[in-house]
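Asker: Pasting a structure below so you can have a look.
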Amino acid sequence: MRATFPHLLHLDIVLGILYPTLGVEIVPPPPITSRTIEIGVEHAPQNACFPLKVTLGNFVEGIERGADTVFMAGGVGPCRFGYYGQIQKIILEDLGYDVQFVLIDHPRFGWRPFFQALKTMAGGRFSFPRVKKAVSLAWKALVFTEELETQRRALRCQVVNRAELDMVIDGALQSLRKVESGSEFERIKKEAWSDLSALERKKENNFLKVGIVGEIYIAQETRINFQVEKLLGDLGVYVHNSVSTAQYVLNTFPVLKSKEKLEAWELARPYLKRFVGGEGIDTVGSTIRYAQEGFDGVVHLYPFTCMPEIVAKSVLTQVSRDFDLPVLHLAIDEHAGEAGLVTRVEAFVDVLERRRKYWKKAEGE
Amino acid sequence: MKVGIPRGLLFYRFYFFWKTFLEELGAEVITSPPTSRYIVQKGLTYGIEEICFPVKVFLGHVLALVDRVDLLFVPRMVSFYPGEYNCPKILGLPDIVRNLFHLSPEQIIDEEINARNRGMREAEMGLIRLGERFTSNRRKIAQALQKAEKVHREYRQQLQSGVLPETLIDGKQSLLPKEEKVLLLGHTYLLNDSYINMNVIEKINQLGYSIVTPDMVPEDRIRLFLKKVPKPSFWTISNEILGTALSYLKERDPKVKGLVHLVSFECGPDSLVGELIGRWVKKEEQSLPYLRLEIDEHTGEAGLVTRLEAFVDMMRWRDSNLESHFSPFAAS
């Protein structure tokens with residue numbers, strides 16, 4: 001079995017650590033390029049949301065590299081994500097690819113298929129200690145990659161030499177790919193932290209602060225969102241992203257729901273009373289939290305036609321008014337152009353700068 | 001107390017239920033006028049640009065009511081079939097309306113009606129909570145509910161026999177039945193609002209076909225065929241479309257000559273469900289002609305008519321050439 005899977009930021013690194021231990025050979029799809037998107041757009045339904053198209057492109061490219069199995073996750077709705085697998089499976093069949101489509105779905109749709117999928121994904125044999133060992137290291141790696149990205153966002157405006165920052169973080173990510181044991185992992189982690197703290201910082205520390213909210217895939221996958229975070233960092237903005245894959249995974253288990261998430265839901269309640277699928281309510285809650293934490297602005301990233309995020313967007317207009325917080329909505333799909341996006345982000349940062357310079361000063365007096 | 005029901009989205013499915021229920025509780029029910037150019041335009045100004053067309057129209061209807069009534073009726077219809085959802089936009093509808101028109105909680109009925117987890121009992125609890133806004137007498141609410149359910153069942157039965165909702169609600173003249181039929185798939189708020197769909201039903205009728213909509217197919221039949229889908233979708237109305245399409249593909253009715261799927265641009269569920277139906281149609285042997293009509297505020301009537309006429313020509317051509325087309329032995 002040679003399995004491929006969709007990209008989501010550094011998921012390939014994490015699964016690269018997980019699977020050799022489980023005895024499954026994985027074939028990571030090549031990094032997302034315009035070809036991936038072209039393939040996805042060509043075969044996917046026209047009005048489907050963008051992540052479906054990109055992940056479909058991933059599958060096709062993974063299969064071209066020699067994969068014979070596709071790993072995908074399902075869901076319970078009402079967001080469209082949970083139905084991706086069904087559609088992608090049929091599309092791949094119709095394209096004539098003879099692959100096994102392993103879809104791990106919510107136990108709500110039957111415990112048997114759930115365990116069967118889990119078993120296949122765990123390499124056929126289900127030995128608890130083995131799985132536990134593999135998962136615990138992979139989990140640590142996932143959390144670590146996210147911490148690295150958080151640092152990259154936060155430090156980009158602060159360091160003197162940005163290329164050095166990228167070098168340290170990309171270097172750490174690269175060496176993670178070869179990690180095999182827990183001790184090696186700890187060494188890489190320690191090294192990365194010491195390298196990061198050794199970076200030379202600017203003297204000033206009065207940066208503009210921008211939070212990122214939105215749909216999990218678009219808000220995280222830098223190869224799709226035109227590296228908005230990097231762009232903001234280069235403009236001298238401190239960036240924080242409210243979306244995290246680790247949190248997402250944890251929150252799929254009702255018991256492990258994080259306090260942060262419940263708080264965000266509580267904050268969103270005056271505006272959006274109920275879970276509307278996807279990250280809709282989290283978007284609203286996180287925006288309010290950023291306003292309370294004194295952020296200067298929020299960038300809302302979502303795929304064009306995303307249902308939960310459109311509900312969130314309708315509501316965010318009022319949030320933005322009530323909290324006096326500028327929100328920039330960026331809908332991303334295959335037609336999004338980089339130049340237009342860059343111009344809008346730059347204009348947005350200009351607005352924030354002016355607000356800080358004149359309005360905030362007037363408030364203080 | 002005046003309660004306003006906007007004429008949009010699930011209106012065409014639940015109007016009689018809601019009306020009876022509210023009237024039994026002592027409310028005066030006001031419905032917004034049928035969709036017009038004015039309403040659509042107001043909706044377009046109020047709704048954010050990316051939201052789907054029917055929601056924009058709904059917002060136009062809300063605007064037409066909001067100053068005339070004491071209470072706006074926008075219940076949160078999370079689910080009306082066990083285990084399924086409605087579309088996220090319907091889930092968030094009360095919040096969208098509340099935030100757009102700056103309504104206080106006393107001005108809007110936004111009780112949650114949810115049959116997803118514990119079925120109809122749970123949904124009834126939501127309706128009882130809703131009723132408690134009008135009276136504290138639980139007995140009265142239960143009676144109102146019972147009566148409303150009875151009216152709703154009668155309404156659904158009438159729909160099954162082929163009567164169109166607009167005939168029942170507005171007294172619109174019913175169309176002449178034709179010999180041949182077209183299966184018209186789509187969400188209830190697209191099929192039954194003749195302004196948004198540019199009178200598509202009448203146009204098909206003038207071209208010589210009666211229509212069959214998911215509302216006219218027995219629910220048992222829809223659910224039976226839906227069981228054959230590996231994983232049905234999460235959305236009740238889309239599931240009904242899926243089940244109806246499958247039932248007519250698998251068990252052919254010789255009178256049904258083609259499939260027309262009416263979709264609103266931006267419709268999330270139908271973007272996936274429509275793709276499934278399209279692929280099924282292609283895989284079927286001696287399949288039915290299939291037309292997908294996408295509708296939004298920019299759709300021109302002329303384009304729609306041309307496509308429908310071309311489709312009718314195709315159905316006719318296919319009918320007359322069916323034998324020679326599929327049988328290798330027929331004389332050419």
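We label chains A, B, ... in the order they appear in the structure tokens, count residues from 1 in each chain, and number ligands from 1 in the order shown.
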Give me, as a list in words, the contact residues of chain B against chain A at a cut-off of 8 Å, counting only C-alpha atoms.
Answerer: Gly47, Ile48, Glu50, Ile51, Tyr85, Asn86, Cys87, Pro88, Lys89, Leu91, Gly92, Leu93, Asp95, Ile96, Asn99, Leu100, Lys231, Ser233, Phe234, Trp235, Phe265, Glu266, Cys267, Gly268, Pro269, Ser271, Leu272, Glu275 and Leu276 of chain B
Asker: Please produce a file of those selected residues containing N, CA, C and O atoms, as a short mmCIF file (atom, residue, chain, number, x, y, z; two decimals), in the first residue's frame.
Answerer:
```
data_model
loop_
_atom_site.label_atom_id
_atom_site.label_comp_id
_atom_site.auth_asym_id
_atom_site.auth_seq_id
_atom_site.Cartn_x
_atom_site.Cartn_y
_atom_site.Cartn_z
N GLY B 47 -28.21 42.36 1.43
CA GLY B 47 -27.43 41.15 1.60
C GLY B 47 -25.99 41.38 1.19
O GLY B 47 -25.72 42.17 0.29
N ILE B 48 -25.04 40.70 1.85
CA ILE B 48 -23.66 40.81 1.41
C ILE B 48 -23.55 40.14 0.05
O ILE B 48 -24.34 39.25 -0.29
N GLU B 50 -21.81 37.99 -1.51
CA GLU B 50 -21.54 36.59 -1.85
C GLU B 50 -22.63 35.62 -1.44
O GLU B 50 -22.56 34.45 -1.74
N ILE B 51 -23.59 36.09 -0.67
CA ILE B 51 -24.61 35.17 -0.18
C ILE B 51 -25.52 34.77 -1.35
O ILE B 51 -25.61 35.48 -2.33
N TYR B 85 -29.33 18.07 8.44
CA TYR B 85 -29.24 19.50 8.71
C TYR B 85 -29.94 20.27 7.61
O TYR B 85 -30.28 19.72 6.58
N ASN B 86 -30.08 21.58 7.85
CA ASN B 86 -30.34 22.46 6.73
C ASN B 86 -29.04 23.14 6.38
O ASN B 86 -28.04 22.97 7.06
N CYS B 87 -29.07 23.93 5.33
CA CYS B 87 -27.85 24.61 4.90
C CYS B 87 -27.40 25.62 5.96
O CYS B 87 -28.23 26.20 6.65
N PRO B 88 -26.09 25.82 6.14
CA PRO B 88 -25.59 26.74 7.16
C PRO B 88 -26.20 28.13 7.08
O PRO B 88 -26.36 28.80 8.09
N LYS B 89 -26.55 28.54 5.88
CA LYS B 89 -27.12 29.88 5.76
C LYS B 89 -28.49 29.93 6.41
O LYS B 89 -28.89 30.95 6.96
N LEU B 91 -29.27 27.99 8.93
CA LEU B 91 -28.94 27.90 10.36
C LEU B 91 -28.62 29.28 10.92
O LEU B 91 -28.96 29.59 12.05
N GLY B 92 -27.94 30.08 10.14
CA GLY B 92 -27.51 31.38 10.64
C GLY B 92 -28.47 32.51 10.27
O GLY B 92 -28.20 33.66 10.57
N LEU B 93 -29.58 32.16 9.62
CA LEU B 93 -30.48 33.18 9.08
C LEU B 93 -30.98 34.20 10.13
O LEU B 93 -30.89 35.40 9.89
N ASP B 95 -29.58 35.21 12.75
CA ASP B 95 -28.47 36.08 13.13
C ASP B 95 -28.16 37.09 12.03
O ASP B 95 -27.86 38.25 12.30
N ILE B 96 -28.24 36.63 10.78
CA ILE B 96 -28.01 37.55 9.67
C ILE B 96 -29.06 38.66 9.70
O ILE B 96 -28.74 39.84 9.62
N ASN B 99 -28.65 41.06 12.79
CA ASN B 99 -27.53 42.00 12.71
C ASN B 99 -27.71 43.02 11.60
O ASN B 99 -27.27 44.15 11.73
N LEU B 100 -28.36 42.62 10.52
CA LEU B 100 -28.53 43.54 9.40
C LEU B 100 -29.53 44.63 9.71
O LEU B 100 -29.34 45.79 9.38
N LYS B 231 -23.28 7.50 1.02
CA LYS B 231 -23.46 8.42 2.15
C LYS B 231 -24.31 9.58 1.65
O LYS B 231 -23.86 10.36 0.83
N SER B 233 -26.25 13.18 1.60
CA SER B 233 -25.69 14.45 2.03
C SER B 233 -26.27 14.83 3.39
O SER B 233 -27.10 14.13 3.94
N PHE B 234 -25.84 15.97 3.93
CA PHE B 234 -26.28 16.38 5.27
C PHE B 234 -27.54 17.22 5.22
O PHE B 234 -28.10 17.54 6.24
N TRP B 235 -27.93 17.65 4.03
CA TRP B 235 -28.95 18.68 3.92
C TRP B 235 -30.26 18.06 3.42
O TRP B 235 -30.30 17.44 2.35
N PHE B 265 -26.89 30.02 -8.22
CA PHE B 265 -25.45 30.17 -8.18
C PHE B 265 -25.08 30.40 -6.73
O PHE B 265 -25.80 31.07 -6.02
N GLU B 266 -23.96 29.84 -6.24
CA GLU B 266 -23.57 30.00 -4.85
C GLU B 266 -24.23 28.99 -3.93
O GLU B 266 -23.98 29.00 -2.74
N CYS B 267 -25.12 28.16 -4.45
CA CYS B 267 -25.76 27.19 -3.56
C CYS B 267 -24.72 26.14 -3.21
O CYS B 267 -24.27 25.39 -4.07
N GLY B 268 -24.34 26.08 -1.95
CA GLY B 268 -23.31 25.15 -1.52
C GLY B 268 -23.71 23.70 -1.68
O GLY B 268 -23.05 22.93 -2.39
N PRO B 269 -24.82 23.28 -1.02
CA PRO B 269 -25.21 21.87 -1.12
C PRO B 269 -25.40 21.41 -2.56
O PRO B 269 -24.92 20.35 -2.94
N SER B 271 -24.07 22.46 -5.23
CA SER B 271 -22.87 22.38 -6.06
C SER B 271 -22.31 20.96 -6.01
O SER B 271 -21.76 20.46 -6.99
N LEU B 272 -22.45 20.29 -4.86
CA LEU B 272 -21.96 18.92 -4.76
C LEU B 272 -23.01 17.91 -5.20
O LEU B 272 -22.72 16.99 -5.97
N GLU B 275 -23.49 17.83 -8.88
CA GLU B 275 -22.41 17.11 -9.55
C GLU B 275 -22.67 15.61 -9.51
O GLU B 275 -22.51 14.91 -10.51
N LEU B 276 -23.12 15.13 -8.35
CA LEU B 276 -23.43 13.70 -8.22
C LEU B 276 -24.49 13.29 -9.23
O LEU B 276 -24.34 12.30 -9.96
#
```
Asker: Excluding B:Val229 and its own-chain neighbours fewer than 6 positions away, which residues fall within 9 Å of it when counting only C-alpha atoms? Please give them as a PDB file with all heavy atoms, in the first residue's frame.
Answerer:
```
ATOM      1  N   LEU B 242     -31.733  14.552  -4.372  1.00  0.00           N
ATOM      2  CA  LEU B 242     -30.910  13.390  -4.707  1.00  0.00           C
ATOM      3  C   LEU B 242     -31.773  12.135  -4.844  1.00  0.00           C
ATOM      4  O   LEU B 242     -31.664  11.391  -5.825  1.00  0.00           O
ATOM      5  CB  LEU B 242     -29.895  13.213  -3.571  1.00  0.00           C
ATOM      6  CG  LEU B 242     -28.544  12.611  -3.861  1.00  0.00           C
ATOM      7  CD1 LEU B 242     -27.819  13.432  -4.889  1.00  0.00           C
ATOM      8  CD2 LEU B 242     -27.719  12.558  -2.583  1.00  0.00           C
ATOM      9  N   GLY B 243     -32.648  11.926  -3.851  1.00  0.00           N
ATOM     10  CA  GLY B 243     -33.500  10.738  -3.856  1.00  0.00           C
ATOM     11  C   GLY B 243     -34.450  10.741  -5.041  1.00  0.00           C
ATOM     12  O   GLY B 243     -34.644   9.714  -5.701  1.00  0.00           O
ATOM     13  N   LEU B 246     -32.543   9.980  -8.274  1.00  0.00           N
ATOM     14  CA  LEU B 246     -32.152   8.573  -8.354  1.00  0.00           C
ATOM     15  C   LEU B 246     -33.357   7.699  -8.644  1.00  0.00           C
ATOM     16  O   LEU B 246     -33.287   6.762  -9.445  1.00  0.00           O
ATOM     17  CB  LEU B 246     -31.485   8.164  -7.034  1.00  0.00           C
ATOM     18  CG  LEU B 246     -30.720   6.862  -7.084  1.00  0.00           C
ATOM     19  CD1 LEU B 246     -29.582   6.971  -8.070  1.00  0.00           C
ATOM     20  CD2 LEU B 246     -30.177   6.491  -5.710  1.00  0.00           C
TER      21      LEU B 246
END
```
Asker: Can you pull out the residues contacting stretch 225-230 of chain A? Cut-off 8 Å, using only C-alpha atoms, and skip same-chain residues under 6 positions away; I want them as a ChimeraX atom specification.
Answerer: /A:153,156,218-219,239,301,332,338,345
Asker: What are the DSSP strand (DSSP E or B) residues of stretch 119-212 of chain B, as a list in words?
Answerer: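 Here is the list: Lys181, Val182, Leu183, Leu184, Leu185, Gly186, Ser210, Ile211 and Val212 of chain B.
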Asker: Can you write out the residues you just picked, keeping N, CA and C atoms, as an mmCIF file, in the first residue's frame?
Answerer:
```
data_model
loop_
_atom_site.group_PDB
_atom_site.id
_atom_site.type_symbol
_atom_site.label_atom_id
_atom_site.label_comp_id
_atom_site.auth_asym_id
_atom_site.auth_seq_id
_atom_site.Cartn_x
_atom_site.Cartn_y
_atom_site.Cartn_z
ATOM 1 N N LYS B 181 -43.910 14.591 -19.340
ATOM 2 C CA LYS B 181 -43.487 15.298 -18.127
ATOM 3 C C LYS B 181 -41.989 15.551 -18.123
ATOM 4 N N VAL B 182 -41.611 16.548 -17.345
ATOM 5 C CA VAL B 182 -40.208 16.837 -17.097
ATOM 6 C C VAL B 182 -40.002 16.799 -15.594
ATOM 7 N N LEU B 183 -38.930 16.154 -15.165
ATOM 8 C CA LEU B 183 -38.621 16.134 -13.741
ATOM 9 C C LEU B 183 -37.870 17.420 -13.416
ATOM 10 N N LEU B 184 -38.491 18.263 -12.625
ATOM 11 C CA LEU B 184 -37.872 19.548 -12.288
ATOM 12 C C LEU B 184 -37.325 19.472 -10.865
ATOM 13 N N LEU B 185 -35.983 19.448 -10.758
ATOM 14 C CA LEU B 185 -35.356 19.331 -9.447
ATOM 15 C C LEU B 185 -34.936 20.699 -8.963
ATOM 16 N N GLY B 186 -34.870 20.855 -7.661
ATOM 17 C CA GLY B 186 -34.401 22.128 -7.124
ATOM 18 C C GLY B 186 -34.968 22.376 -5.748
ATOM 19 N N SER B 210 -45.706 18.800 -18.553
ATOM 20 C CA SER B 210 -46.026 19.012 -17.150
ATOM 21 C C SER B 210 -44.753 18.801 -16.350
ATOM 22 N N ILE B 211 -44.790 19.168 -15.090
ATOM 23 C CA ILE B 211 -43.575 18.954 -14.311
ATOM 24 C C ILE B 211 -43.839 18.030 -13.123
ATOM 25 N N VAL B 212 -42.753 17.381 -12.711
ATOM 26 C CA VAL B 212 -42.760 16.618 -11.465
ATOM 27 C C VAL B 212 -41.679 17.245 -10.591
#
```
Asker: Hey, what does DSSP flag as alpha helix (DSSP H) within stretch 77-189 of chain A? Can you give it to me as a count of residues only?
Answerer: 74
Asker: Which residues are near stretch 298-315 of chain B? Cut-off 10 Å, only C-alpha atoms, ignore same chain within fewer than 4 positions. Put them as a list in words.
Answerer: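 In the requested form, the answer reads Phe53, Val182, Ile196, Asn197, Met198, Asn199, Val200, Lys203, Ile204, Leu207, Gly208, Tyr209, Lys257, Gly258, Leu259, Val260, Phe265, Leu288, Pro289, Tyr290, Leu291, Arg292, Leu293, Glu294, Asp319, Ser320, Asn321 and Leu322 of chain B.
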Asker: What's the 8 Å shell around stretch 143-152 of chain A, counting only C-alpha atoms, without same-chain residues fewer than 6 positions away, as a PyMOL selection string?
Answerer: chain A and resi 10+165-166+169+173+189+240-241+244+246
Asker: Under the rule that only C-alpha atoms are counted, which of A:Pro51, A:Gly23, A:Gly74, A:Pro107 is the nearest residue to A:Met121?
Answerer: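 Once distances to A:Met121 are computed over only C-alpha atoms, the minimum belongs to A:Gly23.
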Asker: Between atom CA of A:Gly214 and atom CA of B:Ser264, what is the distance in Å, rounded to a tenth?
Answerer: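 Atom CA of B:Ser264 lies at a distance of 24.3 Å from atom CA of A:Gly214.
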Asker: Could you pull the residues within 10 Å of stretch 28-36 of chain A, counting only C-alpha atoms, minus those fewer than 4 positions along the same chain, as a PyMOL selection string?
Answerer: chain A and resi 2-9+11-13+15-16+40-41+53-67+221-224+334
Asker: Using only C-alpha atoms, which of B:Leu175, B:Ile222, B:Cys52, B:Val66 sits nearest B:Val3?
Answerer: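 Answer, going by the shortest atom-to-atom distance: B:Val66.
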Asker: Might you pull out every residue within 8 Å of B:Ser79, with only C-alpha atoms counted and same-chain residues fewer than 6 positions away left off, and present them as a ChimeraX atom specification?
Answerer: /B:85-86,113-116,236
Asker: Residues of the last selection are to be written out with all heavy atoms, as a CSV table (one decimal), in the first residue's frame.
Answerer:
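Contents of the output file out24.csv:
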```csv
chain,number,residue,atom,x,y,z
B,85,TYR,N,-29.3,18.1,8.4
B,85,TYR,CA,-29.2,19.5,8.7
B,85,TYR,C,-29.9,20.3,7.6
B,85,TYR,O,-30.3,19.7,6.6
B,85,TYR,CB,-27.8,19.9,8.6
B,85,TYR,CG,-27.0,19.9,9.9
B,85,TYR,CD1,-25.8,19.2,10.1
B,85,TYR,CD2,-27.4,20.7,11.0
B,85,TYR,CE1,-25.1,19.2,11.2
B,85,TYR,CE2,-26.7,20.8,12.1
B,85,TYR,CZ,-25.5,20.0,12.3
B,85,TYR,OH,-24.8,20.1,13.4
B,86,ASN,N,-30.1,21.6,7.9
B,86,ASN,CA,-30.3,22.5,6.7
B,86,ASN,C,-29.0,23.1,6.4
B,86,ASN,O,-28.0,23.0,7.1
B,86,ASN,CB,-31.4,23.5,7.1
B,86,ASN,CG,-32.8,22.9,6.9
B,86,ASN,OD1,-33.0,22.2,6.0
B,86,ASN,ND2,-33.7,23.3,7.8
B,113,ILE,N,-35.4,25.2,16.0
B,113,ILE,CA,-36.2,24.0,15.7
B,113,ILE,C,-35.3,23.0,15.1
B,113,ILE,O,-34.7,23.2,14.1
B,113,ILE,CB,-37.4,24.4,14.8
B,113,ILE,CG1,-38.4,25.3,15.5
B,113,ILE,CG2,-38.1,23.1,14.4
B,113,ILE,CD1,-39.3,26.0,14.6
B,114,ASN,N,-35.1,21.9,15.9
B,114,ASN,CA,-34.0,21.0,15.5
B,114,ASN,C,-34.4,19.6,15.7
B,114,ASN,O,-34.7,19.2,16.9
B,114,ASN,CB,-32.8,21.4,16.4
B,114,ASN,CG,-31.6,20.6,16.1
B,114,ASN,OD1,-31.7,19.6,15.3
B,114,ASN,ND2,-30.5,20.9,16.6
B,115,ALA,N,-34.5,18.9,14.7
B,115,ALA,CA,-34.9,17.5,14.8
B,115,ALA,C,-33.8,16.5,14.6
B,115,ALA,O,-33.9,15.3,14.4
B,115,ALA,CB,-36.0,17.1,13.8
B,116,ARG,N,-32.5,17.1,14.6
B,116,ARG,CA,-31.4,16.3,14.1
B,116,ARG,C,-31.0,15.2,15.1
B,116,ARG,O,-30.8,14.1,14.7
B,116,ARG,CB,-30.2,17.3,14.0
B,116,ARG,CG,-28.9,16.6,13.6
B,116,ARG,CD,-27.9,17.6,13.3
B,116,ARG,NE,-26.5,17.1,13.6
B,116,ARG,CZ,-25.8,16.4,12.8
B,116,ARG,NH1,-26.3,16.0,11.7
B,116,ARG,NH2,-24.6,16.0,13.2
B,236,THR,N,-31.3,18.3,4.2
B,236,THR,CA,-32.6,17.6,3.9
B,236,THR,C,-33.1,17.8,2.5
B,236,THR,O,-33.4,16.9,1.8
B,236,THR,CB,-33.7,18.0,4.9
B,236,THR,OG1,-33.1,17.8,6.2
B,236,THR,CG2,-34.9,17.2,4.7
```
Asker: Tell me, in Å to one decimal, how far atom CA of B:Leu191 is from atom CA of B:Leu71.
Answerer: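 So the answer is 27.6 Å.
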